[in-house]
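J.: This structure is in structure tokens; I'll ask about it shortly.
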Amino acid sequence: MSNVRVRFAPSPTGFFHIGSARTALFNWLYARHTGGTFVLRIEDTDKERNKQEYLDVIYDSLRWLGMDWDEGPGIGGAYGPYFQSQRNDIYAQYLQKLHDAGRTYEKDGAVWFRLEGERSVEFDSYKGCEVEKVDAAPVVINDAIRGRVERAETQDFVIIRSNGEPVFHLVNVIDDIAMGITHVIRGEDHLSNTSKHVLLFEAFGAQVPVFAHMPLILKDPSIGKGKMSKRDRGALIEEYRERNFIPEAVRNYLCLLGWNPKDDREILEIDEVARLFELEAINKDNARFDEKKMAHINTEHLRALSVDSFVEKSIPVLSKAGLWTPETDAEYVRNVMELSQGKARSFEDLAEYVSYFFSETYAEDPKARTNLFKKGEPLVRLAEALQCLEGIAEWTAESLQKAFDDLAQTYGHDKPFAWFPVIRFSVSGVSGGPDLIPMLVVMGRGMVLARMKAFLSKES
RNA sequence: GUCCCGUUCGUCUAGCCCGGCCUAGGACACCAGGUUUUCAUCCUGGCGACAGGGGUUCGAAUCCCCUACGGGAUGCCA
């Protein structure tokens, strides 16, 4: 156990942004890498946002991505409470220290933090008014990712609003001090705030934590410019959950956005990532979100799943699509899934991919149909196949294989593939799917022959 | 406007700190072949980048400077 303490401090907004997820993930990884403590703190200063359902979005998303917190809501810990809305006494105590040190004053009903340095009044052409500027010494930030960053604050800033509520900068710093946070890992959008924060840490006489400002996630170029916002397609974790992405895959992709293991591996176990993870290895430049790459990582994870786990994950998907009920034969489901795992690209597509296995009615793909009838005599081939398959004694892969070999022999076509496409289409309505023979075996003699007959009589 | 951060294939990135092994590697996407009796996989190949300009050096993607571009901040939001 190390003394590293990191925190993830989301505000309950009712959604969980992919950038937040990555910030949480990098904090979590650092805690796991160092054997430190991962704290979850809820920044619910805005009372409107303090709704249980909003909180659940945060908890559910973190759990879904496998990020367990060591201290925080539902867990407890020695540094609680973990909701900012319950920490007013602590803020008041800390504020008093600032008062005593002469670093605060009131103006316009708000409490301001006083900078130290020569003061002068200047005309700010950007704001279009006169402002009081302070010639304060530049703040030096030794950022674990960016190195030395120097930035000067030039104006006093509000720490308590005129309505009595403390602002983010104040409570954030107080909480980090009071909770013993040693490393602040957050998005680069906070880098400019950090000079304020350092000043506050120093004014409190507290040790300044190590800062690590990670690059932002930018929109996919096809969507637009700038950092990804909650309104952008693909920006919300809930979306991937609903689309049945594999959480390990989403997490894996997020790891790769701004960090990599320095070799060419991309599909990684989270334990391995935690072992290798270093703040210094995080990239400096912003990353662009790429849906296709994420889908690919998801497919890789899907392929790597054990059959048991693939089946288990497929049940809710099938159920939602109305293809599965508790009465559905478990062995049949498993057999179908075994055929499909290496073929389907995602659980999102799975239901459609296997629908004809579970439903008596299934749609015909018009394009596949056109291609099928474009050449040859598919119906004649189907009739030949039907007659042959009706005659086989045992419905196994071997006997089916032999039947097709015989068919080729008898009718003189050079390859059994003269029969394959039309059989496939007649029993499934589509041109693609699992390997034909194993698929026919799994479907069973009854279903296959009935569908072939039905198709023939419908088309003749 | 000001301040801060950044800049290697369309995208994610390796290489940069400790200059030569880089005719810049991998992955996604895309394109073309091949394997596969169907379907999908898979394999091979192709396309494709050191933002630009100055230095320093025998030698620069790697060090320095400038410019351009991108991002962020500039709130009594978080």
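Letters for chains follow the order of the structure tokens (A, B, ...), residue numbers begin at 1 for each chain, and ligand numbers begin at 1 in the order shown.
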Residues of chain A that have any atom at most 6 Å from an atom of chain B: could you tabulate them with the shortest-distance atom pair and the distance in Å to one decimal, using only C-alpha atoms (C1' of nucleotides), ordered by chain and increasing number, as a tab-separated table?

T.:
residue	atom	partner	partner_atom	distance
A:Tyr126	CA	B:G1	C1'	5.6
A:Arg161	CA	B:C76	C1'	4.5
A:Asp189	CA	B:G72	C1'	5.2
A:Ser192	CA	B:A73	C1'	5.3
A:Asp264	CA	B:G26	C1'	5.4
A:Asp285	CA	B:G6	C1'	5.3
A:Lys293	CA	B:C28	C1'	4.9
A:Lys343	CA	B:A40	C1'	5.1
A:Lys415	CA	B:U37	C1'	5.5
A:Pro416	CA	B:U37	C1'	5.2
A:Phe417	CA	B:U37	C1'	5.0
A:Phe420	CA	B:U38	C1'	5.0
A:Pro421	CA	B:U38	C1'	5.7
A:Gly432	CA	B:C39	C1'	4.7
A:Gly433	CA	B:C39	C1'	5.0
A:Pro434	CA	B:C39	C1'	5.8
A:Asp435	CA	B:C39	C1'	6.0

J.: Set the distance at 9 Å and use only C-alpha atoms (C1' of nucleotides): which residues neighbour stretch 56-67 of chain B once local chain neighbours fewer than 2 positions away are removed? I'd like the list as an NGL selection string.

T.: :B and (8 or 15-16 or 19-20 or 22 or 24 or 50 or 52-54)

J.: Just to confirm, what's the straight-line distance from atom CA of A:His33 to atom CA of A:Ala274 in Å (one decimal)?

T.: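 Calculated distance between atom CA of A:His33 and atom CA of A:Ala274 is 4.9 Å.
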
J.: A:Trp112: which residues within 9 Å, counting only C-alpha atoms (C1' of nucleotides), same-chain residues fewer than 6 positions away excluded, as a list of chain:residue names?

T.: A:Arg103, A:Thr104, A:Tyr105, A:Glu106, A:Asp156, A:Phe157, A:Val158, A:Ile159, A:Ile160, A:Arg161

J.: Select from stretch 190-375 of chain A everything DSSP, run on the backbone, classes as strand (DSSP E or B), then give the selection as a PyMOL selection string.

T.: chain A and resi 210-214+217-218+227+236+287-288

J.: Could you pull out the helix (DSSP H, G or I) residues of stretch 63-275 of chain A, going by DSSP on the backbone, and write them as a PyMOL selection string?

T.: chain A and resi 63-64+84-86+88-100+168-178+188-203+237-242+247-256+270-275

J.: Any idea what's packed within 9 Å of stretch 134-150 of chain A, counting only C-alpha atoms (C1' of nucleotides), ignoring anything in its chain fewer than 3 positions away? Could you give it as a VMD selection string?

T.: (chain A and resid 115 to 121 153 to 156 194 to 196 198 to 199 210 to 214 279 to 284) or (chain B and resid 4 to 5)

J.: I'd like to know which of A:Val333, A:Ile58, A:Met443, A:Ile217 is closest to A:Glu312, using only C-alpha atoms.

T.: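 Selected residue with least distance to A:Glu312: A:Val333.
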
J.: For A:Arg381, please output as a list in words all residues within 8 Å (counting only C-alpha atoms (C1' of nucleotides); exclusion window: fewer than 5 positions along the same chain).

T.: Ala418, Trp419 and Val422 of chain A

J.: Can you work out the spacing between atom CA of A:Glu278 and atom CA of A:Ala24 in Å, to one decimal?

T.: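 Between these atoms lies a distance of 14.9 Å.
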